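Chemist: The structure's right below; bear with me while I get my questions together.
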Amino acid sequence: MSTTTATQSQTQSPAENKMTGAQILWASLEREGVQTVFGYPGGAILPVYDALKHSAIRHILVRHEQGATHMADGFARASGKIGVAMATSGPGATNMVTGIATAMLDSSPIVCITGQVGSKFIGSDAFQEVDITGITLPITKHNYLVTRAEDIARTVREAFYIAQSGRPGPVLIDITKDAQQSSCVFDWEGAAPQLPGYRPDLSPSVGDYDKAIELIRAAKRPIILAGHGIILSGATQEVCQLIEHLDIPAAVTLLGLGGIPASHPLNLGMMGMHGEAWVNTAIQEADLLIALGMRFDDRVTGNLNTYAKNAKKIHVEIDPAEINKNVKVDVALVGDLREVLRELQPMLESTPKHPEWVQYINQLKGDSAVRDIQNLPDSGHLYAAHVINDLWRETGGNAIVVTDVGLHQMWKAQYNRHNTPRSIITSGGLVTMGFALPAVIGAKVASRDAEVWVVVGDGGFQMTMPELATIFQEKIKIHVAIINNGYLGMVRQWQDMFFEERFSQVRLTHGLPDYAQLARAYGALGFTVESEDELEDALAAALASGRTAVVDARVDQSEHCFPMIPSGAAALDVLEYEDDVEAVPAA
């Protein structure tokens with residue numbers, strides 16, 4: 001049903017407004033503003049796919065149901081809107097689990113819709129029956145089993161409300177086949193959400209603000225910890241006003257990159273396991289941490305017993321469950337970050353600035369504050385840093401870049417400076433290999449006019465590379481840079497450093513498959529490069545082509561990513577160079 005048809009149906013008599021559950025589903029999605037759904041059909045959801053002919057919604061046929069969830073996730077992260085994925089029952093639904101968990105850990109608002117066997121068969125181990133609501137209960141904000149057509153519209157409205165309110169996250173709707181096939185009156189207005197038990201309190205008390213102001217005014221060495229919540233809340237302007245007004249430097253999490261412009265003089269850069277050494281040192285020496293929309297992940301804190309022991313802590317967070325979960329804080333301001341900062345800012349007019357502290361941190365940086373690819377070994381090899389840096393230069397830093405997971409992900413965070421929110425999309429919580437290629441499809445659908453690149457390792461690319469067929473079928477223009485070192489690089493680095501160079505099951509066949517030939521088989525351009533000169537030519541040709549292109553960059557196989565804090569070590573136990581590795585005990 002088109003939007004026009006759905007609108008007209010409101011003025012019709014109840015008898016004329018009778019529709020199947022499948023038709024109601026599409027009409028409800030249209031009312032929620034959905035224009036694109038990523039999915040894969042199958043037996044238990046065939047009535048829904050049959051009813052698609054009545055809808056104006058664009059359906060993108062994926063090559064694997066996991067890809068559908070990552071595409072919906074990429075769409076949500078690039079646009080700030082809800083992404084929608086669809087699959088059938090049984091293996092179709094279970095194939096979505098990894099993508100749902102990825103969205104859950106990174107607070108990405110998606111709605112996943114699955115078909116289910118007929119209601120009378122539930123619990124009988126029927127063909128392709130699986131309890132997907134039970135399976136996904138721990139990795140969704142909420143989920144539904146719908147057995148009546150009359151409940152579909154209300155469930156869709158509730159699902160969309162829950163997915164995007166408070167801390168965003170995934171919601172799953174499982175609809176039985178008989179609910180899709182039976183008919184009832186479509187009453188959109190009468191299906192308004194009824195959620196009396198879901199009333200998140202997002203308003204800190206006056207006393208909480210007073211305590212925070214007291215700590216901020218007393219601080220001599222404060223640091224802001226800028227997380228993903230800045231982007232989700234749309235609070236970039238408010239955060240920049242805060243750090244400029246108070247002269248407080250800010251360290252950024254992986255998912256917070258772009259939340260504060262990288263070019264801002266008070267942006268210190270990324271903290272944590274592969275963050276800059278001076279950033280982690282400054283955090284450890286601070287007397288006040290102001291955590292904005294971040295959850296004190298273990299990859300950020302290192303050993304909790306030694307983490308910022310001399311610092312008071314203020315935590316601004318929309319999810320009360322994150323308060324004191326990992327790090328005990330002195331003041332919690334529970335609420336939407338942008339709204340909290342708008343309330344807080346006028347109360348800080350007479351707060352002193354901190355020029356000596358900022359100057360001290362700048363001294364900590366020294367010459368290492370600027371990452372220079374000229375400092376890489378002159379071995380004639382192509383390094384991952386060359387690829388990241390050249391890509392950033394060729395695109396003018398204006399591209400949306402979706403990364404996969406591994407060493408290239410960390411190099412991307414280190415060598416590519418992001419000045420705008422939603423310009424880097426990556427899996428930070430679940431750290432899902434195979435995320436990037438499908439996620440970039442969703443990001444491109446959400447940002448049609450943007451230059452969009454994938455940066456992916458050869459291991460992660462092989463996990464979801466059949467989605468190249470989706471790119472070709474949908475005539476989507478995407479560029480792919482494969483950081484190809486012939487290994488599962490992150491695992492290899494750990495085995496090298498902590499397992500006495502016992503490289504167990506991390507060797508991939510270097511040069512096979514031939515990714516350039518593979519790209520051509522999927523209708524894309526393909527380039528193989530082994531030197532920086534070849535790389536520059538390939539990137540320029542890809543950008544000028546107006547077509548999807550895959551650049552297979554065969555980089556040095558033994559390159560490690562530094563700095564690095566070993567897992568479980570204190571934040572100050574950072575390894576800055578290859579020579580530091582000898583002092584590291586086995587993990």
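We name chains A, B, ... following the order of the structure tokens; residues begin at 1 in each chain, and ligands are numbered from 1 as shown.
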List every residue of range 466-575 of chain A that has an atom at most 6 Å from any atom of range 440-454 of chain A, and for each one report the closest atom pair and its distance in Å to one decimal, counting only C-alpha atoms, with rows sorted by chain and then by increasing residue number, as a Markdown table.
Modeler:
```
| residue | atom | partner | partner_atom | distance |
| --- | --- | --- | --- | --- |
| A:Ile478 | CA | A:Val452 | CA | 5.8 |
| A:His479 | CA | A:Trp453 | CA | 4.8 |
| A:Val480 | CA | A:Val454 | CA | 4.6 |
| A:Ala481 | CA | A:Val454 | CA | 5.9 |
```
Chemist: Would you give me, as a PyMOL selection string, the residues in range 37-226 of chain A that DSSP reads as strand (DSSP E or B)?
Modeler: chain A and resi 37-39+58-61+83-87+110-116+142-146+171-176+183-185+222-226
Chemist: Which residues, written as a list of chain:residue names, have at least one atom at most 8 Å from Leu572 in chain A, with only C-alpha atoms counted and residues fewer than 2 positions away on the same chain left out?
Modeler: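 Counting only the stated atoms, we get A:Ala277, A:Asn280, A:Thr281, A:Gln284, A:Ile565, A:Ala570, A:Val574.
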Chemist: Figure out the distance between CA of Ser119 in chain A and CA of Ala149 in chain A, please, to one decimal in Å.
Modeler: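 CA of Ser119 in chain A lies 11.7 Å from CA of Ala149 in chain A.
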Chemist: Record the distance separating CA of Ala262 in chain A and CA of Arg417 in chain A, expressed in Å with one decimal.
Modeler: 5.5 Å
Chemist: Which of these residues is nearest to Gln359 in chain A, using only C-alpha atoms: A:Pro47, A:Gly489, A:Pro249, A:Gly568?
Modeler: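 Closest to Gln359 in chain A, using only C-alpha atoms: A:Pro249.
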Chemist: May I ask for the distance between CA of Glu317 in chain A and CA of Pro170 in chain A, given in Å to one decimal place?
Modeler: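 These two atoms are separated by 18.7 Å.
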Chemist: Give me the residues near Arg338 in chain A as an NGL selection string, where near means some atom within 7 Å (using only C-alpha atoms) and where sequence neighbours in that chain fewer than 5 positions away do not count.
Modeler: :A and (233-235 or 238)
Chemist: Keeping only all heavy atoms, write the selected residues as a PDB file, in the first residue's frame.
Modeler:
```pdb
ATOM      1  N   SER A 233      23.080  11.805  20.701  1.00  0.00           N
ATOM      2  CA  SER A 233      22.280  12.908  21.214  1.00  0.00           C
ATOM      3  C   SER A 233      22.305  14.130  20.310  1.00  0.00           C
ATOM      4  O   SER A 233      21.485  15.032  20.469  1.00  0.00           O
ATOM      5  CB  SER A 233      22.788  13.300  22.610  1.00  0.00           C
ATOM      6  OG  SER A 233      22.074  14.389  23.130  1.00  0.00           O
ATOM      7  N   GLY A 234      23.246  14.166  19.358  1.00  0.00           N
ATOM      8  CA  GLY A 234      23.400  15.362  18.524  1.00  0.00           C
ATOM      9  C   GLY A 234      23.942  16.528  19.323  1.00  0.00           C
ATOM     10  O   GLY A 234      23.533  17.676  19.133  1.00  0.00           O
ATOM     11  N   ALA A 235      24.886  16.241  20.227  1.00  0.00           N
ATOM     12  CA  ALA A 235      25.346  17.241  21.192  1.00  0.00           C
ATOM     13  C   ALA A 235      26.714  17.824  20.865  1.00  0.00           C
ATOM     14  O   ALA A 235      27.351  18.406  21.745  1.00  0.00           O
ATOM     15  CB  ALA A 235      25.378  16.613  22.587  1.00  0.00           C
ATOM     16  N   GLU A 238      27.036  21.546  21.790  1.00  0.00           N
ATOM     17  CA  GLU A 238      27.014  21.788  23.235  1.00  0.00           C
ATOM     18  C   GLU A 238      28.319  21.348  23.889  1.00  0.00           C
ATOM     19  O   GLU A 238      28.826  22.024  24.803  1.00  0.00           O
ATOM     20  CB  GLU A 238      25.835  21.035  23.861  1.00  0.00           C
ATOM     21  CG  GLU A 238      24.467  21.640  23.574  1.00  0.00           C
ATOM     22  CD  GLU A 238      23.979  21.386  22.154  1.00  0.00           C
ATOM     23  OE1 GLU A 238      24.567  20.515  21.466  1.00  0.00           O
ATOM     24  OE2 GLU A 238      23.024  22.050  21.720  1.00  0.00           O
TER      25      GLU A 238
END
```
Chemist: Considering only C-alpha atoms, return as a PyMOL selection string whatever protein or nucleic-acid residues lie within 12 Å of Gln23 in chain A, sequence-local ones (same chain, fewer than 3 positions apart) excluded.
Modeler: chain A and resi 1-2+5-6+17-20+26-30+46-56+149-150+152-153+179-186
Chemist: Can you list, as a PyMOL selection string, all residues belonging to range 367-543 of chain A that DSSP tags as helix (DSSP H, G or I)?
Modeler: chain A and resi 367-369+373-375+384-394+407-415+436-446+458-473+489-498+515-521+532-543
Chemist: Please report as a tab-separated table every residue of range 288-355 of chain A lying within 12 Å of range 98-117 of chain A, along with the nearest atom pair and their distance in Å (one decimal), using only C-alpha atoms.
Modeler:
```
residue	atom	partner	partner_atom	distance
A:Gly293	CA	A:Ser107	CA	11.0
A:Met294	CA	A:Asp106	CA	10.6
A:Arg295	CA	A:Asp106	CA	10.6
A:Asp297	CA	A:Leu105	CA	10.9
A:Ile318	CA	A:Ser107	CA	11.2
A:Asp319	CA	A:Ser107	CA	10.5
```
Chemist: Nearest to Leu468 in chain A among A:Gly67, A:Arg492, A:Val402, A:Pro91, with distances taken over only C-alpha atoms: which residue is it?
Modeler: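 Distance minimum relative to Leu468 in chain A lands on A:Gly67.
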Chemist: Which polymer residues have any atom within 9 Å of an atom of Thr528 in chain A, counting only C-alpha atoms, with same-chain residues fewer than 5 positions away left out, as a list of chain:residue names?
Modeler: A:Asp514, A:Tyr515, A:Ala516, A:Glu534, A:Leu535, A:Ala538, A:Val550, A:Val551, A:Asp552, A:Ala553, A:Arg554
